[in-house]
file coords_38.cif (mmCIF, C-alpha atoms)
data_upload
loop_
_atom_site.label_atom_id
_atom_site.label_comp_id
_atom_site.auth_asym_id
_atom_site.auth_seq_id
_atom_site.Cartn_x
_atom_site.Cartn_y
_atom_site.Cartn_z
CA MET A 12 -20.32 164.47 -47.99
CA THR A 13 -17.15 162.58 -48.91
CA ALA A 14 -15.13 165.79 -49.08
CA THR A 15 -16.41 166.86 -45.66
CA ALA A 16 -15.58 163.48 -44.18
CA ASP A 17 -12.11 163.60 -45.73
CA ARG A 18 -11.48 167.06 -44.26
CA ALA A 19 -12.65 165.90 -40.84
CA ALA A 20 -10.43 162.82 -41.05
CA GLY A 21 -7.48 164.95 -42.11
CA ARG A 22 -8.09 167.36 -39.24
CA ARG A 23 -8.23 164.47 -36.76
CA ALA A 24 -5.00 163.08 -38.18
CA LEU A 25 -3.27 166.45 -37.75
CA GLU A 26 -4.59 166.79 -34.20
CA THR A 27 -3.41 163.26 -33.35
CA ALA A 28 0.04 163.93 -34.78
CA ALA A 29 0.30 167.22 -32.88
CA HIS A 30 -0.81 165.49 -29.69
CA ARG A 31 1.83 162.80 -30.09
CA ARG A 32 4.55 165.37 -30.73
CA GLY A 33 3.52 167.28 -27.62
CA VAL A 34 3.47 164.16 -25.46
CA ARG A 35 6.84 163.05 -26.80
CA ALA A 36 8.40 166.48 -26.20
CA VAL A 37 7.17 166.69 -22.60
CA ALA A 38 8.10 163.10 -21.75
CA SER A 39 11.56 163.45 -23.30
CA TYR A 40 12.21 166.68 -21.44
CA PHE A 41 11.19 165.25 -18.08
CA ILE A 42 13.06 161.97 -18.50
CA GLY A 43 16.21 163.67 -19.81
CA GLY A 44 16.07 166.51 -17.30
CA THR A 45 15.46 164.18 -14.39
CA TRP A 46 18.41 161.97 -15.25
CA PHE A 47 20.66 164.92 -16.11
CA VAL A 48 20.29 166.16 -12.54
CA GLY A 49 19.79 162.62 -11.23
CA LEU A 50 23.32 161.57 -12.14
CA TRP A 51 24.56 164.15 -9.66
CA PHE A 52 22.09 162.88 -7.08
CA TRP A 53 23.37 159.32 -7.40
CA ALA A 54 27.00 160.42 -7.29
CA ILE A 55 26.40 162.41 -4.11
CA ALA A 56 24.24 159.65 -2.59
CA LEU A 57 26.98 157.06 -3.12
CA VAL A 58 29.65 159.33 -1.65
CA VAL A 59 27.46 160.02 1.39
CA GLY A 60 26.72 156.31 1.77
CA VAL A 61 30.39 155.37 1.62
CA LEU A 62 31.22 158.09 4.15
CA ILE A 63 28.52 156.81 6.53
CA LEU A 64 29.79 153.27 6.08
CA TRP A 65 33.36 154.36 6.81
CA ILE A 66 32.25 156.10 10.01
CA MET A 67 30.32 152.99 11.06
CA THR A 68 33.35 150.75 10.52
CA ARG A 69 35.45 153.11 12.62
CA ASN A 70 32.91 152.78 15.43
CA ASP A 71 32.53 149.01 14.89
CA ASP A 72 28.76 149.40 14.38
CA VAL A 73 27.99 148.56 10.75
CA SER A 74 24.45 148.64 9.31
CA ILE A 75 23.42 147.72 5.78
CA GLU A 76 21.22 150.81 5.71
CA ALA A 77 24.38 152.92 5.31
CA VAL A 78 24.25 153.03 1.51
CA GLY A 79 20.89 151.33 0.93
CA GLY A 80 19.10 153.90 3.08
CA VAL A 81 20.65 156.73 1.09
CA ALA A 82 19.61 155.03 -2.17
CA GLY A 83 16.08 154.84 -0.80
CA SER A 84 15.98 158.63 -0.70
CA ALA A 85 15.68 158.69 -4.51
CA LYS A 86 11.92 159.10 -4.19
CA PHE A 87 12.37 162.33 -2.22
CA PHE A 88 14.67 163.66 -4.93
CA LEU A 89 11.97 162.91 -7.51
CA PHE A 90 9.35 164.52 -5.28
CA VAL A 91 11.33 167.77 -5.42
CA MET A 92 11.89 167.44 -9.17
CA GLY A 93 8.15 166.95 -9.56
CA ILE A 94 7.58 170.32 -7.92
CA ILE A 95 10.24 172.21 -9.87
CA LEU A 96 10.05 170.97 -13.46
CA PRO A 97 6.33 171.53 -14.18
CA LEU A 98 6.59 175.16 -13.14
CA MET A 99 9.35 175.60 -15.72
CA THR A 100 7.50 173.98 -18.62
CA ILE A 101 3.70 174.21 -18.57
CA ALA A 102 3.36 177.79 -19.84
CA VAL A 103 5.98 177.21 -22.55
CA HIS A 104 4.24 174.02 -23.67
CA VAL A 105 0.84 175.70 -24.03
CA ALA A 106 2.34 178.79 -25.67
CA ALA A 107 4.00 176.53 -28.26
CA GLY A 108 0.63 175.10 -29.22
CA GLY A 109 0.46 172.13 -26.87
CA THR A 110 -2.65 171.21 -24.91
CA ARG A 111 -3.25 170.35 -21.28
CA ARG A 112 -4.07 166.83 -22.43
CA SER A 113 -0.76 166.32 -24.21
CA TYR A 114 1.06 167.91 -21.27
CA THR A 115 -0.65 165.59 -18.80
CA HIS A 116 0.08 162.49 -20.86
CA GLY A 117 3.69 163.58 -21.21
CA LEU A 118 3.95 164.01 -17.44
CA TRP A 119 2.51 160.54 -16.87
CA ILE A 120 5.07 158.97 -19.17
CA GLY A 121 7.94 161.08 -17.83
CA ALA A 122 7.12 160.27 -14.21
CA THR A 123 6.63 156.57 -14.91
CA VAL A 124 9.82 156.05 -16.90
CA SER A 125 11.92 158.21 -14.57
CA GLY A 126 10.48 156.58 -11.45
CA LEU A 127 10.90 153.00 -12.66
CA THR A 128 14.46 153.58 -13.87
CA PHE A 129 15.36 155.26 -10.58
CA GLY A 130 13.88 152.21 -8.87
CA ILE A 131 16.17 149.95 -10.88
CA ALA A 132 19.15 152.12 -9.97
CA ALA A 133 18.21 151.95 -6.27
CA ALA A 134 17.85 148.17 -6.51
CA LEU A 135 21.29 147.84 -8.07
CA VAL A 136 22.84 149.96 -5.32
CA LYS A 137 21.12 147.88 -2.66
CA TRP A 138 22.24 144.66 -4.38
CA GLY A 139 25.82 145.92 -4.56
CA GLU A 140 25.78 146.78 -0.87
CA TRP A 141 24.22 143.42 0.04
CA THR A 142 26.91 141.61 -1.97
CA LEU A 143 29.68 143.57 -0.25
CA PHE A 144 28.26 142.96 3.23
CA ARG A 145 27.84 139.26 2.54
CA ARG A 146 31.42 138.84 1.34
CA VAL A 147 32.89 140.79 4.24
CA GLY A 148 30.72 138.98 6.77
CA TRP A 149 28.77 141.96 8.02
CA PRO A 150 25.08 141.55 8.98
CA THR A 151 22.74 141.90 6.00
CA ASP A 152 19.50 142.35 7.95
CA GLY A 153 17.95 145.79 7.43
CA ASP A 154 16.55 147.94 10.21
CA LEU A 155 13.28 148.82 8.44
CA GLY A 156 10.46 146.39 7.72
CA GLN A 157 9.85 146.19 3.98
CA LEU A 158 8.04 144.12 1.39
CA TYR A 159 11.35 142.56 0.36
CA GLY A 160 13.80 140.78 2.64
CA ASP A 161 17.14 142.14 1.45
CA GLY A 162 19.03 143.53 -1.52
CA SER A 163 19.39 140.11 -3.17
CA GLU A 164 15.76 140.28 -4.40
CA VAL A 165 16.69 142.64 -7.23
CA VAL A 166 13.46 142.35 -9.24
CA LEU A 167 11.19 142.85 -6.23
CA VAL A 168 13.33 145.71 -4.93
CA SER A 169 13.19 147.35 -8.37
CA LEU A 170 9.39 147.14 -8.41
CA VAL A 171 8.95 148.41 -4.85
CA GLU A 172 11.40 151.29 -5.21
CA GLY A 173 10.20 152.07 -8.73
CA ILE A 174 6.53 152.31 -7.78
CA SER A 175 7.44 154.47 -4.79
CA CYS A 176 9.49 156.78 -7.00
CA VAL A 177 6.63 157.10 -9.51
CA VAL A 178 4.04 158.06 -6.90
CA TYR A 179 6.37 160.55 -5.22
CA TYR A 180 7.18 162.16 -8.57
CA LEU A 181 3.48 162.45 -9.45
CA ALA A 182 2.65 163.79 -5.98
CA GLY A 183 5.24 166.52 -6.42
CA MET A 184 3.68 167.42 -9.77
CA VAL A 185 0.22 167.64 -8.17
CA ILE A 186 1.55 170.02 -5.52
CA ALA A 187 3.25 172.21 -8.12
CA ALA A 188 0.14 172.32 -10.31
CA GLY A 189 -2.07 172.96 -7.28
CA PHE A 190 -0.25 176.05 -6.07
CA TYR A 191 0.34 177.18 -9.67
CA GLY A 192 -3.29 177.03 -10.71
CA TYR A 193 -5.37 177.41 -7.56
CA GLY A 194 -3.54 179.58 -5.06
CA PHE A 195 -2.41 178.96 -1.51
CA VAL A 196 -5.51 177.62 0.26
CA ARG A 197 -6.57 175.11 -2.36
CA GLY A 198 -2.91 174.35 -2.98
CA VAL A 199 -2.55 173.26 0.65
CA LEU A 200 -5.61 171.00 0.29
CA LEU A 201 -4.04 169.43 -2.77
CA VAL A 202 -0.86 168.80 -0.78
CA VAL A 203 -2.95 166.73 1.63
CA ALA A 204 -4.64 164.89 -1.25
CA SER A 205 -1.34 164.13 -2.99
CA LEU A 206 0.21 162.84 0.22
CA GLY A 207 -2.84 160.61 0.59
CA THR A 208 -1.88 158.85 -2.65
CA VAL A 209 1.66 158.49 -1.33
CA ALA A 210 0.30 156.96 1.88
CA VAL A 211 -1.65 154.35 -0.11
CA THR A 212 1.52 153.23 -1.87
CA GLU A 213 3.70 153.31 1.24
CA VAL A 214 1.24 151.24 3.27
CA PHE A 215 0.81 148.54 0.65
CA LEU A 216 4.54 148.36 -0.06
CA ARG A 217 5.40 148.65 3.66
CA SER A 218 8.15 151.12 2.83
CA GLY A 219 9.31 154.53 3.96
CA PHE A 220 9.41 155.76 7.53
CA PHE A 221 5.80 154.92 8.36
CA GLY A 222 4.63 152.37 5.78
CA ASN A 223 5.44 149.19 7.68
CA GLY A 224 4.06 150.43 11.00
CA LEU A 225 0.87 151.77 9.43
CA ALA A 226 0.42 148.55 7.44
CA ARG A 227 0.50 146.60 10.71
CA ALA A 228 -1.93 149.03 12.28
CA VAL A 229 -4.53 148.59 9.53
CA GLY A 230 -3.92 144.85 9.08
CA LEU A 231 -2.25 144.97 5.67
CA ASP A 232 1.17 143.70 6.76
CA GLY A 233 0.24 140.16 5.70
CA THR A 234 -0.84 141.10 2.18
CA PRO A 235 0.67 138.76 -0.47
CA VAL A 236 3.47 140.31 -2.49
CA GLY A 237 1.50 140.40 -5.75
CA LEU A 238 -1.49 142.15 -4.20
CA ALA A 239 0.80 144.50 -2.29
CA LEU A 240 2.45 145.58 -5.55
CA LEU A 241 -0.96 146.15 -7.13
CA GLY A 242 -1.98 148.21 -4.10
CA GLY A 243 1.20 150.27 -4.41
CA ALA A 244 0.50 150.81 -8.10
CA LEU A 245 -3.03 151.94 -7.18
CA GLY A 246 -1.53 154.86 -5.27
CA ALA A 247 0.41 155.89 -8.38
CA VAL A 248 -2.72 155.62 -10.54
CA LEU A 249 -4.66 157.80 -8.08
CA ALA A 250 -1.86 160.37 -8.12
CA GLY A 251 -1.91 160.39 -11.93
CA LEU A 252 -5.68 160.89 -12.04
CA LEU A 253 -5.44 163.66 -9.45
CA LEU A 254 -2.78 165.36 -11.56
CA ARG A 255 -5.04 165.24 -14.62
CA ALA A 256 -7.93 166.74 -12.69
CA VAL A 257 -5.76 169.55 -11.32
CA LEU A 258 -4.19 170.43 -14.68
CA ARG A 259 -7.54 170.35 -16.45
CA GLY A 260 -8.78 173.36 -14.48
CA ALA A 261 -5.52 175.24 -13.93
CA ALA A 262 -5.10 178.67 -15.51
CA VAL A 263 -1.89 178.72 -17.54
CA ARG A 264 0.45 181.67 -17.07
CA PRO A 265 4.22 182.21 -17.04
CA VAL A 266 6.07 181.62 -13.78
CA GLU A 267 8.61 184.33 -12.95
CA PHE A 268 10.91 182.71 -10.41
CA ALA A 269 13.13 185.75 -9.96
CA ALA A 270 10.18 188.08 -9.45
CA SER A 271 8.61 185.69 -6.96
CA ALA A 272 11.84 185.40 -5.00
CA SER A 273 12.38 189.15 -4.87
CA ALA A 274 8.81 189.71 -3.75
#
call {"tool": "encode", "arguments": {"input": "coords_38.cif", "output": "structure tokens"}}
result
Amino acid sequence: MTATADRAAGRRALETAAHRRGVRAVASYFIGGTWFVGLWFWAIALVVGVLILWIMTRNDDVSIEAVGGVAGSAKFFLFVMGIILPLMTIAVHVAAGGTRRSYTHGLWIGATVSGLTFGIAAALVKWGEWTLFRRVGWPTDGDLGQLYGDGSEVVLVSLVEGISCVVYYLAGMVIAAGFYGYGFVRGVLLVVASLGTVAVTEVFLRSGFFGNGLARAVGLDGTPVGLALLGGALGAVLAGLLLRAVLRGAAVRPVEFAASASA
């Protein structure tokens, strides 16, 4: 009996170690890959923002959304990365001995760390723009209603932008896994479901192009900041759970991008 128990304990220890290695490999790949490409995103975003700001000064119509608005597009960049990266990695991960569980956990960590750090980067860009506008004497009031007042609220901006980035990244992953594992029709339905999780976050955080208006429409525009952040995080949790459910039933097979494009 003792020998059997020891073998079972040893097997569980090996499985746990393998799971941790798989999670760490997936998370590291997604965080590193996201920021490897993300550095180019931020460089281009800043150049575009400065160009917009220069055009505005030439026309004597300056808005603080010039650079801050471009920084706010980080979540859309992560949404696209969430669609692309899983298709490049899931079959390789399983073929190397990883499990759907370790892959899912790695995706959760990768999306969370990448999203929150992108949120911090966006907050720093918005703070830098706010500081510049204040020193020059330009108006610092934004055009879009948001949970935070302006770029000076660095911590709150980091949380709002970070949570938004996380949910967009996870939503992109759900869409990729949906079409990958379930075909076109069910993939379209999963697009709707994933965007539903995005809508939850956007409404509570009063961000994006529709969040503030929809929050007013449903009576959530007066939600206290703490509860609003929890509501935004709820959207990310729902997206993560949806991703787990989708990956659990997805058939794993290689993705041939070149063949798909030629077809």
call {"tool": "atom_distance", "arguments": {"input": "coords_38.cif", "atom1": "CA of Gly222 (chain A)", "atom2": "CA of Ile75 (chain A)"}}
result
19.4 Å
call {"tool": "closest_residue", "arguments": {"input": "coords_38.cif", "among": "A:Ala228, A:Ala107, A:Val91, A:Leu143", "to": "Cys176 (chain A)", "atoms": "only C-alpha atoms"}}
result
A:Val91
call {"tool": "residues_near_point", "arguments": {"input": "coords_38.cif", "point": "(27.3, 142.8, -0.5)", "cutoff": "10 Å", "atoms": "only C-alpha atoms", "output": "list in words"}}
result
Ile75, Val136, Lys137, Trp138, Gly139, Glu140, Trp141, Thr142, Leu143, Phe144, Arg145, Arg146, Val147, Gly148, Trp149, Pro150, Thr151, Gly162 and Ser163 of chain A
call {"tool": "atom_distance", "arguments": {"input": "coords_38.cif", "atom1": "CA of Thr13 (chain A)", "atom2": "CA of Leu25 (chain A)"}}
result
18.2 Å
call {"tool": "resolve_selection", "arguments": {"input": "coords_38.cif", "expression": "the PyMOL selection byres ((chain A and resi 263) around 12)", "output": "ChimeraX atom specification"}}
result
/A:97-106,109-111,114,188-193,257-262,264-266
call {"tool": "atom_distance", "arguments": {"input": "coords_38.cif", "atom1": "CA of Val171 (chain A)", "atom2": "CA of Leu240 (chain A)"}}
result
7.1 Å
call {"tool": "residues_around", "arguments": {"input": "coords_38.cif", "residues": "Tyr179 (chain A)", "least_positions_apart": "5", "cutoff": "7 Å", "atoms": "all atoms listed in the file", "output": "PyMOL selection string"}}
result
chain A and resi 86-87+89-90+209
call {"tool": "closest_residue", "arguments": {"input": "coords_38.cif", "among": "A:Tyr159, A:Arg31, A:Arg23, A:Glu172", "to": "Ala85 (chain A)", "atoms": "only C-alpha atoms"}}
result
A:Glu172
call {"tool": "closest_residue", "arguments": {"input": "coords_38.cif", "among": "A:Asn223, A:Ser169, A:Thr123, A:Thr208", "to": "Val185 (chain A)", "atoms": "only C-alpha atoms"}}
result
A:Thr208
